[in-house]
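A.B. asks: Pasting in a structure now, in structure tokens, and then I'll have a few things to ask.
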2 protein chains.
Amino acid sequence: MNDLEGLEPEQINRISKARERVIDSIGKNMDLYGITLSIGHLYGYMYFNEGPVTLDELSRTMGMSKTSMSTGVRTLLDLKMIDKVWGKGTRKDLFEVVPDWHQNFSDYFSIKWRKAVEGNMIALTKSLTEIRDMQAEYAENAEILRLLLNDEEKIMEAIKYYRWLLKLIEALETGKIFELIPKET
Amino acid sequence: MNDLEGLEPEQINRISKARERVIDSIGKNMDLYGITLSIGHLYGYMYFNEGPVTLDELSRTMGMSKTSMSTGVRTLLDLKMIDKVWGKGTRKDLFEVVPDWHQNFSDYFSIKWRKAVEGNMIALTKSLTEIRDMQAEYAENAEILRLLLNDEEKIMEAIKYYRWLLKLIEALETGKIFELIPKET
DNA sequence: TTTAGTGTACAGTTTTAACTTTACGTACTT
DNA sequence: AAGTACGTAAAGTTAAAACTGTACACTAAA
């Protein structure tokens, strides 16, 4: 339910303005999370609204189709930025934001970057063994060997980087990052 | 210059295959950096090639227009993933990858996230003062006051998060992150 | 079983972004 | 001064995505 309903128009206007500045700003930078502007707006609205909302309310407030709300909400669910919650007395699904942005940030990395890193690692190690096989095979061909050693070196560097990145991701997942870089009190 | 030129077709094929697996994998996950698949490929090729390359070489190798190479290269330059280098004897621009991926990662955050965080911070503080002004103004209206306190709380939480995020970004920029989470030796 | 309410898959449309072709400005060569 | 090589801006085209409307499956109530 829209929490501004029932106020004077002028009051609604002033509060909305303050909120919308923030909502716009959040939405605009949501592309860093791979999220479209309109879904960013969606999230911003949910962030300020007191209590959970339904797809129909979102559709009405955002002036967009219910289908778009459905897919948008699902994207935000996948990123663990919102939760589906139970509301007795209604058959509609209810959604509300997960208010802990530190957690959102960590989850995002866990979800997106870990997958990418692990995928790249597989490709790197596979190619590394191939390169090394060829090194043995072309051991007497100096020209090729130089190339192969160079490739090996580069792949090794990449692997080192990804191992470091995995440690960073792990620190985010376990919350150890907040020992290293403390939150505000 | 393509570093595989002059080899036997079969040798080129084998080395290329090992490289391409990695290049594909890198390119595929470059969207995390907000980079398109083809620019990711571009980067991957440059990563393995020995020595800097020109726009014409890239165009030929990638099978894409020179204009696309120009814009692609500029994107990578903006993200500090490649450098423009001097080559005597040629009037063409030469480009090569910055091989330190730890640095790439740090730069990316510095460039993209810092800008977003600072933008959001401005919006948040601006709206925060507005909300607080209204709190003083509507001090005797309990219903509105409750709403305003709620909004204030949420904005404060967001500001706290962004301050933490700035510390993380700073740790990346200064390299302090590598004391907290050490690189491989 | 029917009926109404709800979320989503699907197909179609519109908007956006990627890419290409052409053309131009600048700088080097002769 | 004239010609050539180079990188990029501009306009046009093609491919991708965001978004909508409709239809359908599922559930709960009557």
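Ligands are numbered from 1 in the order shown, chains are lettered A, B, ... in the order of the structure tokens, and residues start at 1 in each chain.
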I need the contact residues of chain A against chain D, so if you could list those with any atom within 9 Å, counting only C-alpha atoms (C1' of nucleotides), and return them as an NGL selection string, that would help.
C.D. replies: :A and (36 or 64-65 or 67-68 or 91)
A.B. asks: Filtering to all heavy atoms, could you give me those residues as a PDB file, in the first residue's frame?
C.D. replies:
ATOM      1  N   THR A  36      18.410  -2.440 -15.318  1.00  0.00           N
ATOM      2  CA  THR A  36      17.903  -1.380 -16.158  1.00  0.00           C
ATOM      3  C   THR A  36      17.354  -0.218 -15.331  1.00  0.00           C
ATOM      4  O   THR A  36      16.971  -0.384 -14.166  1.00  0.00           O
ATOM      5  CB  THR A  36      16.801  -1.934 -17.081  1.00  0.00           C
ATOM      6  OG1 THR A  36      16.297  -0.885 -17.877  1.00  0.00           O
ATOM      7  CG2 THR A  36      15.676  -2.514 -16.267  1.00  0.00           C
ATOM      8  N   MET A  64       3.519   1.178 -15.435  1.00  0.00           N
ATOM      9  CA  MET A  64       3.998   0.171 -16.386  1.00  0.00           C
ATOM     10  C   MET A  64       3.139  -1.081 -16.268  1.00  0.00           C
ATOM     11  O   MET A  64       2.371  -1.236 -15.332  1.00  0.00           O
ATOM     12  CB  MET A  64       5.465  -0.169 -16.123  1.00  0.00           C
ATOM     13  CG  MET A  64       6.420   0.932 -16.512  1.00  0.00           C
ATOM     14  SD  MET A  64       8.104   0.542 -16.038  1.00  0.00           S
ATOM     15  CE  MET A  64       8.486  -0.772 -17.185  1.00  0.00           C
ATOM     16  N   SER A  65       3.329  -1.962 -17.250  1.00  0.00           N
ATOM     17  CA  SER A  65       2.504  -3.167 -17.280  1.00  0.00           C
ATOM     18  C   SER A  65       2.834  -4.090 -16.113  1.00  0.00           C
ATOM     19  O   SER A  65       3.935  -4.062 -15.569  1.00  0.00           O
ATOM     20  CB  SER A  65       2.728  -3.911 -18.586  1.00  0.00           C
ATOM     21  OG  SER A  65       3.989  -4.520 -18.584  1.00  0.00           O
ATOM     22  N   THR A  67       3.191  -7.197 -16.316  1.00  0.00           N
ATOM     23  CA  THR A  67       4.224  -8.131 -16.778  1.00  0.00           C
ATOM     24  C   THR A  67       5.619  -7.596 -16.496  1.00  0.00           C
ATOM     25  O   THR A  67       6.489  -8.311 -16.013  1.00  0.00           O
ATOM     26  CB  THR A  67       4.077  -8.391 -18.288  1.00  0.00           C
ATOM     27  OG1 THR A  67       2.746  -8.810 -18.559  1.00  0.00           O
ATOM     28  CG2 THR A  67       5.063  -9.440 -18.738  1.00  0.00           C
ATOM     29  N   SER A  68       5.814  -6.330 -16.798  1.00  0.00           N
ATOM     30  CA  SER A  68       7.116  -5.724 -16.534  1.00  0.00           C
ATOM     31  C   SER A  68       7.449  -5.781 -15.046  1.00  0.00           C
ATOM     32  O   SER A  68       8.593  -6.045 -14.664  1.00  0.00           O
ATOM     33  CB  SER A  68       7.131  -4.272 -17.003  1.00  0.00           C
ATOM     34  OG  SER A  68       7.070  -4.200 -18.396  1.00  0.00           O
ATOM     35  N   ARG A  91      -4.200 -12.959  -1.283  1.00  0.00           N
ATOM     36  CA  ARG A  91      -3.631 -14.008  -2.118  1.00  0.00           C
ATOM     37  C   ARG A  91      -2.509 -13.465  -2.986  1.00  0.00           C
ATOM     38  O   ARG A  91      -1.799 -14.219  -3.633  1.00  0.00           O
ATOM     39  CB  ARG A  91      -4.731 -14.582  -3.023  1.00  0.00           C
ATOM     40  CG  ARG A  91      -5.510 -15.709  -2.359  1.00  0.00           C
ATOM     41  CD  ARG A  91      -6.797 -15.982  -3.075  1.00  0.00           C
ATOM     42  NE  ARG A  91      -6.587 -16.320  -4.466  1.00  0.00           N
ATOM     43  CZ  ARG A  91      -7.562 -16.365  -5.384  1.00  0.00           C
ATOM     44  NH1 ARG A  91      -8.788 -16.075  -5.031  1.00  0.00           N
ATOM     45  NH2 ARG A  91      -7.300 -16.679  -6.621  1.00  0.00           N
TER      46      ARG A  91
END
A.B. asks: List every residue of range 1-174 of chain A that DSSP, applied to the backbone of this structure, places in strand (DSSP E or B), and write the result as a PyMOL selection string.
C.D. replies: chain A and resi 53+82-85+94-97
A.B. asks: For N, CA and C atoms, I'd like the residues from the last selection saved as a PDB file, in the first residue's frame.
C.D. replies:
ATOM      1  N   VAL A  53       4.811  -4.416  -0.973  1.00  0.00           N
ATOM      2  CA  VAL A  53       3.914  -3.994  -2.052  1.00  0.00           C
ATOM      3  C   VAL A  53       3.565  -5.179  -2.940  1.00  0.00           C
ATOM      4  N   ILE A  82      15.457  -7.831  -3.002  1.00  0.00           N
ATOM      5  CA  ILE A  82      14.141  -7.808  -2.360  1.00  0.00           C
ATOM      6  C   ILE A  82      13.774  -9.225  -1.945  1.00  0.00           C
ATOM      7  N   ASP A  83      12.783  -9.304  -1.074  1.00  0.00           N
ATOM      8  CA  ASP A  83      12.279 -10.591  -0.603  1.00  0.00           C
ATOM      9  C   ASP A  83      10.795 -10.709  -0.880  1.00  0.00           C
ATOM     10  N   LYS A  84      10.365 -11.928  -1.096  1.00  0.00           N
ATOM     11  CA  LYS A  84       8.923 -12.202  -1.133  1.00  0.00           C
ATOM     12  C   LYS A  84       8.498 -12.496   0.302  1.00  0.00           C
ATOM     13  N   VAL A  85       7.457 -11.825   0.750  1.00  0.00           N
ATOM     14  CA  VAL A  85       7.022 -12.006   2.141  1.00  0.00           C
ATOM     15  C   VAL A  85       5.558 -12.440   2.190  1.00  0.00           C
ATOM     16  N   LEU A  94       3.561 -10.562  -1.980  1.00  0.00           N
ATOM     17  CA  LEU A  94       4.035  -9.303  -1.403  1.00  0.00           C
ATOM     18  C   LEU A  94       5.556  -9.256  -1.462  1.00  0.00           C
ATOM     19  N   PHE A  95       6.090  -8.092  -1.786  1.00  0.00           N
ATOM     20  CA  PHE A  95       7.547  -7.937  -1.898  1.00  0.00           C
ATOM     21  C   PHE A  95       8.010  -6.729  -1.106  1.00  0.00           C
ATOM     22  N   GLU A  96       9.176  -6.870  -0.510  1.00  0.00           N
ATOM     23  CA  GLU A  96       9.770  -5.731   0.177  1.00  0.00           C
ATOM     24  C   GLU A  96      11.274  -5.781   0.040  1.00  0.00           C
ATOM     25  N   VAL A  97      11.915  -4.632   0.162  1.00  0.00           N
ATOM     26  CA  VAL A  97      13.356  -4.575  -0.037  1.00  0.00           C
ATOM     27  C   VAL A  97      14.075  -5.216   1.139  1.00  0.00           C
TER      28      VAL A  97
END
A.B. asks: As number ranges by chain, list the residues of chain A assigned to alpha helix (DSSP H) by DSSP on the backbone atoms of this structure.
C.D. replies: A: 9-29, 37-48, 55-62, 66-78, 101-108, 114-137, 142-174, 177-180
A.B. asks: Give me, as a ChimeraX atom specification, all polymer residues having an atom no more than 9 Å from Ser38 in chain B, counting only C-alpha atoms (C1' of nucleotides) and skipping those fewer than 6 positions away in the same chain.
C.D. replies: /B:27-28,62,72
A.B. asks: How would the residues just chosen look if you wrote them out with N, CA, C and O atoms as an mmCIF file, in the first residue's frame?
C.D. replies:
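The file below, part_19.cif, is the result:
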data_model
loop_
_atom_site.group_PDB
_atom_site.id
_atom_site.type_symbol
_atom_site.label_atom_id
_atom_site.label_comp_id
_atom_site.auth_asym_id
_atom_site.auth_seq_id
_atom_site.Cartn_x
_atom_site.Cartn_y
_atom_site.Cartn_z
ATOM 1 N N GLY B 27 35.992 -12.642 -22.635
ATOM 2 C CA GLY B 27 35.039 -11.788 -23.325
ATOM 3 C C GLY B 27 33.620 -11.957 -22.812
ATOM 4 O O GLY B 27 32.882 -10.986 -22.633
ATOM 5 N N LYS B 28 33.264 -13.219 -22.552
ATOM 6 C CA LYS B 28 31.908 -13.515 -22.120
ATOM 7 C C LYS B 28 31.569 -12.853 -20.784
ATOM 8 O O LYS B 28 30.435 -12.463 -20.535
ATOM 9 N N MET B 62 39.809 -9.025 -36.144
ATOM 10 C CA MET B 62 38.467 -9.183 -35.576
ATOM 11 C C MET B 62 37.415 -9.297 -36.670
ATOM 12 O O MET B 62 36.272 -9.656 -36.390
ATOM 13 N N GLY B 72 35.921 0.871 -29.702
ATOM 14 C CA GLY B 72 36.222 -0.186 -28.741
ATOM 15 C C GLY B 72 37.487 0.109 -27.960
ATOM 16 O O GLY B 72 37.528 0.003 -26.734
#
A.B. asks: Show me which bits of chain C are within 12 Å of chain B, counting only C-alpha atoms (C1' of nucleotides), as a list in words.
C.D. replies: DA17, DA18, DC19, DT20, DT21, DT22, DA27, DC28 and DT29 of chain C
A.B. asks: How would the residues just picked look written out with N, CA and C atoms (P, O5', C5', C4', C3', O3' and C1' of nucleotides) as a PDB file, in the first residue's frame?
C.D. replies:
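Dumped everything to part_10.pdb:
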ATOM      1  P    DA C  17      20.704   2.689 -24.710  1.00  0.00           P
ATOM      2  O5'  DA C  17      21.722   1.733 -25.470  1.00  0.00           O
ATOM      3  C5'  DA C  17      21.661   0.337 -25.223  1.00  0.00           C
ATOM      4  C4'  DA C  17      22.327  -0.400 -26.362  1.00  0.00           C
ATOM      5  C3'  DA C  17      23.747   0.072 -26.701  1.00  0.00           C
ATOM      6  O3'  DA C  17      24.545  -1.072 -26.814  1.00  0.00           O
ATOM      7  C1'  DA C  17      22.459  -0.033 -28.660  1.00  0.00           C
ATOM      8  P    DA C  18      26.119  -1.050 -26.750  1.00  0.00           P
ATOM      9  O5'  DA C  18      26.527  -1.860 -28.051  1.00  0.00           O
ATOM     10  C5'  DA C  18      25.871  -3.096 -28.315  1.00  0.00           C
ATOM     11  C4'  DA C  18      26.027  -3.440 -29.773  1.00  0.00           C
ATOM     12  C3'  DA C  18      27.444  -3.258 -30.313  1.00  0.00           C
ATOM     13  O3'  DA C  18      27.789  -4.437 -31.025  1.00  0.00           O
ATOM     14  C1'  DA C  18      25.904  -2.105 -31.691  1.00  0.00           C
ATOM     15  P    DC C  19      29.291  -4.707 -31.467  1.00  0.00           P
ATOM     16  O5'  DC C  19      29.292  -4.230 -32.986  1.00  0.00           O
ATOM     17  C5'  DC C  19      28.378  -4.863 -33.901  1.00  0.00           C
ATOM     18  C4'  DC C  19      28.277  -4.042 -35.167  1.00  0.00           C
ATOM     19  C3'  DC C  19      29.610  -3.631 -35.789  1.00  0.00           C
ATOM     20  O3'  DC C  19      29.818  -4.384 -36.973  1.00  0.00           O
ATOM     21  C1'  DC C  19      27.964  -1.896 -35.904  1.00  0.00           C
ATOM     22  P    DT C  20      31.059  -4.046 -37.929  1.00  0.00           P
ATOM     23  O5'  DT C  20      30.371  -3.090 -38.993  1.00  0.00           O
ATOM     24  C5'  DT C  20      29.165  -3.510 -39.644  1.00  0.00           C
ATOM     25  C4'  DT C  20      28.840  -2.570 -40.800  1.00  0.00           C
ATOM     26  C3'  DT C  20      30.026  -2.204 -41.681  1.00  0.00           C
ATOM     27  O3'  DT C  20      29.603  -2.265 -43.046  1.00  0.00           O
ATOM     28  C1'  DT C  20      29.036  -0.229 -40.797  1.00  0.00           C
ATOM     29  P    DT C  21      30.690  -2.155 -44.209  1.00  0.00           P
ATOM     30  O5'  DT C  21      30.296  -0.800 -44.947  1.00  0.00           O
ATOM     31  C5'  DT C  21      28.921  -0.391 -44.993  1.00  0.00           C
ATOM     32  C4'  DT C  21      28.816   1.076 -45.414  1.00  0.00           C
ATOM     33  C3'  DT C  21      29.929   1.577 -46.338  1.00  0.00           C
ATOM     34  O3'  DT C  21      29.326   2.250 -47.431  1.00  0.00           O
ATOM     35  C1'  DT C  21      29.716   3.003 -44.470  1.00  0.00           C
ATOM     36  P    DT C  22      30.233   2.893 -48.593  1.00  0.00           P
ATOM     37  O5'  DT C  22      30.268   4.426 -48.179  1.00  0.00           O
ATOM     38  C5'  DT C  22      29.037   5.109 -47.868  1.00  0.00           C
ATOM     39  C4'  DT C  22      29.336   6.482 -47.300  1.00  0.00           C
ATOM     40  C3'  DT C  22      30.388   7.284 -48.090  1.00  0.00           C
ATOM     41  O3'  DT C  22      29.812   8.531 -48.462  1.00  0.00           O
ATOM     42  C1'  DT C  22      30.819   7.365 -45.764  1.00  0.00           C
ATOM     43  P    DA C  27      46.911  18.909 -36.108  1.00  0.00           P
ATOM     44  O5'  DA C  27      47.955  17.874 -36.720  1.00  0.00           O
ATOM     45  C5'  DA C  27      47.844  16.486 -36.389  1.00  0.00           C
ATOM     46  C4'  DA C  27      48.770  15.687 -37.281  1.00  0.00           C
ATOM     47  C3'  DA C  27      50.141  16.343 -37.518  1.00  0.00           C
ATOM     48  O3'  DA C  27      51.110  15.324 -37.554  1.00  0.00           O
ATOM     49  C1'  DA C  27      49.111  15.980 -39.579  1.00  0.00           C
ATOM     50  P    DC C  28      52.638  15.658 -37.222  1.00  0.00           P
ATOM     51  O5'  DC C  28      53.415  14.870 -38.358  1.00  0.00           O
ATOM     52  C5'  DC C  28      53.125  13.489 -38.550  1.00  0.00           C
ATOM     53  C4'  DC C  28      53.232  13.143 -40.024  1.00  0.00           C
ATOM     54  C3'  DC C  28      54.604  13.456 -40.652  1.00  0.00           C
ATOM     55  O3'  DC C  28      55.123  12.254 -41.195  1.00  0.00           O
ATOM     56  C1'  DC C  28      52.839  14.186 -42.054  1.00  0.00           C
ATOM     57  P    DT C  29      56.657  12.206 -41.728  1.00  0.00           P
ATOM     58  O5'  DT C  29      56.564  12.142 -43.315  1.00  0.00           O
ATOM     59  C5'  DT C  29      55.293  11.997 -43.956  1.00  0.00           C
ATOM     60  C4'  DT C  29      55.444  11.829 -45.455  1.00  0.00           C
ATOM     61  C3'  DT C  29      56.828  12.056 -46.057  1.00  0.00           C
ATOM     62  O3'  DT C  29      56.967  11.206 -47.180  1.00  0.00           O
ATOM     63  C1'  DT C  29      55.348  13.759 -46.837  1.00  0.00           C
TER      64       DT C  29
END
A.B. asks: Can you list every residue of chain B that has an atom at most 6 Å from chain A, with its nearest atom pair and the distance in Å to one decimal, using only C-alpha atoms, ordered by chain then number, as a tab-separated table?
C.D. replies:
residue	atom	partner	partner_atom	distance
B:Ala18	CA	A:Ser127	CA	4.8
B:Val22	CA	A:Ala123	CA	5.5
B:Ser25	CA	A:Asn120	CA	5.5
B:Asn29	CA	A:Ala116	CA	5.7
B:Ala116	CA	A:Asn29	CA	5.7
B:Asn120	CA	A:Ser25	CA	5.5
B:Ala123	CA	A:Val22	CA	5.5
B:Leu124	CA	A:Val22	CA	5.8
B:Ser127	CA	A:Ala18	CA	4.8
B:Trp164	CA	A:Lys183	CA	5.8
B:Lys183	CA	A:Trp164	CA	5.8
A.B. asks: What does the distance between CA of Thr54 in chain B and CA of Gln135 in chain A come to in Å, to one decimal place?
C.D. replies: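 CA of Gln135 in chain A lies at a distance of 29.1 Å from CA of Thr54 in chain B.
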A.B. asks: Could you tell me which of A:Leu58, A:Trp86, A:Asp93, A:Asp78 comes closest to DG7 in chain C if we count only C-alpha atoms (C1' of nucleotides)?
C.D. replies: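 The closest residue to DG7 in chain C is A:Asp93.
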